[in-house]
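As structure tokens, the structure follows; a few thoughts come after it.
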Amino acid sequence: MRKILSVLIAALIAIVVPSVARADDTRALRIGIVTYLSGPGAGPMGIPARNAAELAIESLNAGALPTPYRTKGFGGRALEMVLLDEAGSTSSVVSQFRNLVQGRGVDIVVGYISSGSCLAVAPVAEDLRALTVIFDCGTSRLFEDASYKYVFRTAAHATMDSVAAAKYVRERLPNATRIAGLNQNYAWGLDSWRDFEASMKVLRSDTTVAASQMPKLFAGQYSTEISALLAAKPDVIHSSLWGGDLEAFVLQGAPRGLFAASPVVLTTGDTELHRLQGRFPDGTIIGARGPHGVFAPDNALNRWFAPAFEKRYGTPAVFTAYQMVQAILGTKAAYEKAQAAVGGKAPTTDQIVAAFTGLTFETPSGTTRMALGAGHQGIQDTAYGMTKTVA
């Protein structure tokens with residue numbers, strides 16, 4: 001028995017020691033990138049995010065970014081992208097996440113567009129102690145209903161989007177008191193409408209709801225909802241539809257005169273500006289979930305990213321592309337801060353987590369501060385504008 005125990009202990013040491021020392025090796029750091037590669041969320045949002053990840057990781061490995069990201073890879077360590085399609089049921093997304101971490105051995109996961117996905121993945125990431133950086137998922141519930149050590153979100157959440165939209169409407173359409181909404185019937189859509197409605201009522205107490213339509217996610221057909229909105233005759237319509245749903249709504253609603261009858265606020269409208277050129281009636285209010293896309297600032301990082309993306313992929317970068325780069329650069333900043341704190345060695349996951357918490361970093365979209373969610377939720381400026389067709 002003693003001999004058997006000695007053999008077992010020796011075997012366990014052989015298994016455990018490499019995993020403990022793993023943070024100190026010089027192999028490529030494996031970054032799991034999860035976004036929509038198929039389905040209605042892919043074309044307008046998922047593929048641009050994938051493209052941005054590819055461009056950012058290749059550029060980082062080449063040391064081709066401006067200051068403060070000139071160091072190759074993460075702290076001189078090369079990056080390897082491991083790509084995963086987010087499409088599928090919530091249970092499938094969770095299973096794929098587990099396989100990404102436990103089966104494919106990624107070191108960090110950057111991903112998730114759907115609010116349903118990030119809400120399901122976050123507690124699993126915590127159980128696995130897997131550093132997971134949410135690049136888009138908008139529901140405010142992620143950190144308002146729970147707290148996590150290993151999960152971060154570098155993008156703004158739906159409350160920021162909808163409060164800003166309400167303030168913009170109040171400034172541009174001060175007499176709008178009858179509001180209506182068309183939002184998807186799940187976390188993102190419910191949260192977005194709740195926050196817009198509440199903000200409008202705070203800003204003007206005589207605000208009333210003329211109609212609120214809540215179709216299912218990826219419904220694709222909105223004839224009934226458009227008829228109801230036309231009949232309600234609201235002063236303004238709010239919609240947080242995204243992906244193929246947003247595209248379908250614009251293509252179905254504009255020809256029926258909905259956008260001409262009532263100004264429409266599209267909180268994710270940036271993704272369709274270039275895809276549907278000329279289809280938006282003048283006065284449509286467009287958001288980009290932050291200062292992304294057409295609202296991005298003129299800084300050194302954007303002067304690198306915007307032309308590089310358009311040259312490579314033949315189309316301007318939309319907000320999900322900016323958010324992906326934002327997440328990757330935030331993770332790089334955290335990694336290198338942790339690396340500096342341990343004398344230049346490769347930091348452990350817990351050391352990166354400590355460095356990420358409360359971090360402030362620069363992106364093509366300006367400064368991001370991890371100021372909410374006990375230092376795990378990013379905030380930044382938010383921008384809206386009205387469409388105007390020229391020539």
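If you're wondering about the labels, chains in the structure tokens are A, B, ... by order shown, residues count from 1 in each chain, ligands from 1 in order shown.
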Query raised in the report: Can you tell me, as a PyMOL selection string, what residues are no more than 8 Å from region 49-66 of chain A when counting only C-alpha atoms, ignoring any on the same chain fewer than 3 positions away?
Result: chain A and resi 33+35+37+45-46+69-74+78-81+300-301+304+309+313+320-325+328
Report task. Give the alpha helix (DSSP H) residues of region 38-175 of chain A, as DSSP finds them on the backbone, and put them as a ChimeraX atom specification. Result -> /A:47-61,90-98,115-128,141-144,158-172
At a cut-off of 8 Å, using only C-alpha atoms, what residues contact region 40-42 of chain A? Leave out same-chain residues fewer than 4 positions from it and give the result as a short mmCIF file (atom, residue, chain, number, x, y, z; two decimals) with N, CA and C atoms, in the first residue's frame.
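Here's the written file out39.cif:
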```cif
data_model
loop_
_atom_site.label_atom_id
_atom_site.label_comp_id
_atom_site.auth_asym_id
_atom_site.auth_seq_id
_atom_site.Cartn_x
_atom_site.Cartn_y
_atom_site.Cartn_z
N THR A 35 -18.25 35.02 -30.79
CA THR A 35 -19.16 35.99 -31.39
C THR A 35 -20.04 35.25 -32.39
N TYR A 36 -21.07 35.91 -32.88
CA TYR A 36 -21.95 35.27 -33.85
C TYR A 36 -21.24 35.14 -35.20
N GLY A 46 -21.81 40.17 -35.54
CA GLY A 46 -20.85 39.14 -35.16
C GLY A 46 -19.61 39.09 -36.04
N ILE A 47 -19.80 39.15 -37.35
CA ILE A 47 -18.66 39.07 -38.26
C ILE A 47 -17.76 40.30 -38.13
N PHE A 218 -35.21 37.48 -32.65
CA PHE A 218 -35.04 36.99 -34.02
C PHE A 218 -36.37 36.64 -34.68
N TRP A 242 -31.57 44.60 -32.72
CA TRP A 242 -30.19 44.52 -33.22
C TRP A 242 -30.07 43.37 -34.21
N GLY A 243 -28.96 43.37 -34.95
CA GLY A 243 -28.71 42.28 -35.88
C GLY A 243 -29.75 42.23 -36.99
N GLY A 244 -30.11 41.02 -37.39
CA GLY A 244 -31.08 40.83 -38.46
C GLY A 244 -32.44 41.39 -38.13
N ASP A 245 -32.80 41.43 -36.83
CA ASP A 245 -34.08 41.99 -36.41
C ASP A 245 -34.15 43.48 -36.73
#
```
Query - Within 10 Å of Tyr168 (chain A) using only C-alpha atoms, minus same-chain residues under 6 positions, as a PyMOL selection string - result: chain A and resi 162+174+265+285+383-385
Report task. Kindly indicate which residue among A:Tyr148, A:Tyr335, A:Phe97, A:Tyr112 lies nearest to Gly373 (chain A), using only C-alpha atoms for the distances. Result ->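 For Gly373 (chain A), the nearest of the given residues is A:Tyr148.
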Report summary line: Across A:Gly290, A:Gly32, A:Pro255, A:Gly75, the smallest distance to Ile226 (chain A), with only C-alpha atoms counted, is shown by A:Pro255
Requested in this report: Compare A:Phe305, A:Phe361, A:Phe259, A:Phe356 by their minimum atom-to-atom distance to Gly375 (chain A), counting only C-alpha atoms, and give me the closest one.
Outcome: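 Going through A:Phe305, A:Phe361, A:Phe259, A:Phe356 one by one, the smallest distance to Gly375 (chain A) is for A:Phe356.
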Query - strand (DSSP E) positions in region 169-319 of chain A, given as a list in words - result: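 Taking region 169-319 of chain A and keeping strand (DSSP E) gives Arg178, Ile179, Ala180, Gly181, Leu182, Thr208, Val209, Ala210, Ala211, Ser212, Gln213, Val236, Ile237, His238, Ser239, Val264, Val265, Leu266, Ile285, Ile286 and Gly287 of chain A.
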For the selection you just gave me, I'd like the residues written to a file as a PDB file, in the first residue's frame, keeping N, CA, C and O atoms.
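Okay, out16.pdb is ready:
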```pdb
ATOM      1  N   ARG A 178     -45.742  61.394 -25.764  1.00  0.00           N
ATOM      2  CA  ARG A 178     -46.302  60.058 -26.022  1.00  0.00           C
ATOM      3  C   ARG A 178     -45.213  59.192 -26.633  1.00  0.00           C
ATOM      4  O   ARG A 178     -44.761  59.440 -27.752  1.00  0.00           O
ATOM      5  N   ILE A 179     -44.755  58.194 -25.894  1.00  0.00           N
ATOM      6  CA  ILE A 179     -43.649  57.357 -26.352  1.00  0.00           C
ATOM      7  C   ILE A 179     -44.139  55.947 -26.655  1.00  0.00           C
ATOM      8  O   ILE A 179     -45.164  55.498 -26.120  1.00  0.00           O
ATOM      9  N   ALA A 180     -43.409  55.276 -27.522  1.00  0.00           N
ATOM     10  CA  ALA A 180     -43.725  53.882 -27.853  1.00  0.00           C
ATOM     11  C   ALA A 180     -42.424  53.116 -28.013  1.00  0.00           C
ATOM     12  O   ALA A 180     -41.344  53.713 -28.202  1.00  0.00           O
ATOM     13  N   GLY A 181     -42.516  51.792 -27.953  1.00  0.00           N
ATOM     14  CA  GLY A 181     -41.307  50.974 -28.061  1.00  0.00           C
ATOM     15  C   GLY A 181     -41.524  49.712 -28.864  1.00  0.00           C
ATOM     16  O   GLY A 181     -42.622  49.157 -28.892  1.00  0.00           O
ATOM     17  N   LEU A 182     -40.454  49.281 -29.523  1.00  0.00           N
ATOM     18  CA  LEU A 182     -40.408  47.973 -30.189  1.00  0.00           C
ATOM     19  C   LEU A 182     -39.095  47.333 -29.776  1.00  0.00           C
ATOM     20  O   LEU A 182     -38.020  47.721 -30.249  1.00  0.00           O
ATOM     21  N   THR A 208     -46.357  59.672 -21.296  1.00  0.00           N
ATOM     22  CA  THR A 208     -47.207  58.480 -21.252  1.00  0.00           C
ATOM     23  C   THR A 208     -46.753  57.484 -22.318  1.00  0.00           C
ATOM     24  O   THR A 208     -46.104  57.860 -23.304  1.00  0.00           O
ATOM     25  N   VAL A 209     -47.104  56.223 -22.123  1.00  0.00           N
ATOM     26  CA  VAL A 209     -46.748  55.165 -23.068  1.00  0.00           C
ATOM     27  C   VAL A 209     -47.926  54.931 -24.010  1.00  0.00           C
ATOM     28  O   VAL A 209     -49.010  54.510 -23.578  1.00  0.00           O
ATOM     29  N   ALA A 210     -47.701  55.187 -25.304  1.00  0.00           N
ATOM     30  CA  ALA A 210     -48.755  54.975 -26.303  1.00  0.00           C
ATOM     31  C   ALA A 210     -48.843  53.518 -26.716  1.00  0.00           C
ATOM     32  O   ALA A 210     -49.927  53.013 -27.018  1.00  0.00           O
ATOM     33  N   ALA A 211     -47.699  52.831 -26.748  1.00  0.00           N
ATOM     34  CA  ALA A 211     -47.666  51.410 -27.130  1.00  0.00           C
ATOM     35  C   ALA A 211     -46.303  50.839 -26.775  1.00  0.00           C
ATOM     36  O   ALA A 211     -45.298  51.546 -26.801  1.00  0.00           O
ATOM     37  N   SER A 212     -46.282  49.551 -26.447  1.00  0.00           N
ATOM     38  CA  SER A 212     -45.023  48.842 -26.221  1.00  0.00           C
ATOM     39  C   SER A 212     -45.138  47.456 -26.825  1.00  0.00           C
ATOM     40  O   SER A 212     -45.910  46.624 -26.350  1.00  0.00           O
ATOM     41  N   GLN A 213     -44.376  47.211 -27.877  1.00  0.00           N
ATOM     42  CA  GLN A 213     -44.394  45.933 -28.583  1.00  0.00           C
ATOM     43  C   GLN A 213     -43.158  45.123 -28.183  1.00  0.00           C
ATOM     44  O   GLN A 213     -42.044  45.654 -28.193  1.00  0.00           O
ATOM     45  N   VAL A 236     -42.533  59.685 -30.395  1.00  0.00           N
ATOM     46  CA  VAL A 236     -41.221  59.093 -30.643  1.00  0.00           C
ATOM     47  C   VAL A 236     -41.300  57.594 -30.367  1.00  0.00           C
ATOM     48  O   VAL A 236     -42.072  57.153 -29.505  1.00  0.00           O
ATOM     49  N   ILE A 237     -40.544  56.813 -31.132  1.00  0.00           N
ATOM     50  CA  ILE A 237     -40.502  55.352 -30.962  1.00  0.00           C
ATOM     51  C   ILE A 237     -39.084  54.949 -30.585  1.00  0.00           C
ATOM     52  O   ILE A 237     -38.121  55.359 -31.234  1.00  0.00           O
ATOM     53  N   HIS A 238     -38.961  54.141 -29.549  1.00  0.00           N
ATOM     54  CA  HIS A 238     -37.659  53.634 -29.093  1.00  0.00           C
ATOM     55  C   HIS A 238     -37.518  52.172 -29.502  1.00  0.00           C
ATOM     56  O   HIS A 238     -38.452  51.372 -29.343  1.00  0.00           O
ATOM     57  N   SER A 239     -36.369  51.810 -30.041  1.00  0.00           N
ATOM     58  CA  SER A 239     -36.123  50.406 -30.384  1.00  0.00           C
ATOM     59  C   SER A 239     -34.670  50.034 -30.136  1.00  0.00           C
ATOM     60  O   SER A 239     -33.755  50.721 -30.582  1.00  0.00           O
ATOM     61  N   VAL A 264     -37.806  57.849 -34.865  1.00  0.00           N
ATOM     62  CA  VAL A 264     -37.453  56.547 -34.295  1.00  0.00           C
ATOM     63  C   VAL A 264     -36.038  56.613 -33.720  1.00  0.00           C
ATOM     64  O   VAL A 264     -35.113  57.086 -34.380  1.00  0.00           O
ATOM     65  N   VAL A 265     -35.890  56.138 -32.489  1.00  0.00           N
ATOM     66  CA  VAL A 265     -34.591  56.054 -31.829  1.00  0.00           C
ATOM     67  C   VAL A 265     -34.096  54.619 -31.932  1.00  0.00           C
ATOM     68  O   VAL A 265     -34.737  53.709 -31.404  1.00  0.00           O
ATOM     69  N   LEU A 266     -32.974  54.400 -32.616  1.00  0.00           N
ATOM     70  CA  LEU A 266     -32.380  53.069 -32.754  1.00  0.00           C
ATOM     71  C   LEU A 266     -31.075  53.045 -31.963  1.00  0.00           C
ATOM     72  O   LEU A 266     -30.060  53.583 -32.394  1.00  0.00           O
ATOM     73  N   ILE A 285     -32.952  58.716 -35.282  1.00  0.00           N
ATOM     74  CA  ILE A 285     -31.950  58.916 -34.234  1.00  0.00           C
ATOM     75  C   ILE A 285     -31.137  57.632 -34.079  1.00  0.00           C
ATOM     76  O   ILE A 285     -31.702  56.560 -33.841  1.00  0.00           O
ATOM     77  N   ILE A 286     -29.839  57.772 -34.231  1.00  0.00           N
ATOM     78  CA  ILE A 286     -28.941  56.615 -34.273  1.00  0.00           C
ATOM     79  C   ILE A 286     -27.995  56.615 -33.077  1.00  0.00           C
ATOM     80  O   ILE A 286     -27.389  57.638 -32.742  1.00  0.00           O
ATOM     81  N   GLY A 287     -27.851  55.450 -32.445  1.00  0.00           N
ATOM     82  CA  GLY A 287     -26.865  55.252 -31.397  1.00  0.00           C
ATOM     83  C   GLY A 287     -25.881  54.169 -31.791  1.00  0.00           C
ATOM     84  O   GLY A 287     -26.130  53.391 -32.713  1.00  0.00           O
TER      85      GLY A 287
END
```
Counting only C-alpha atoms, which residues of region 89-115 of chain A fall within 9 Å of region 124-128 of chain A, and what is the closest atom pair for each with its distance in Å at one decimal, ordered by chain and rising number, as a tab-separated table?
```
residue	atom	partner	partner_atom	distance
A:Val94	CA	A:Val124	CA	7.5
A:Phe97	CA	A:Ala125	CA	8.2
A:Arg98	CA	A:Val124	CA	7.8
A:Val101	CA	A:Leu128	CA	8.1
A:Gln102	CA	A:Leu128	CA	8.5
```
Report task. Can you work out the spacing between CA of Asn183 (chain A) and CA of Pro215 (chain A) in Å, to one decimal? Result -> 6.8 Å
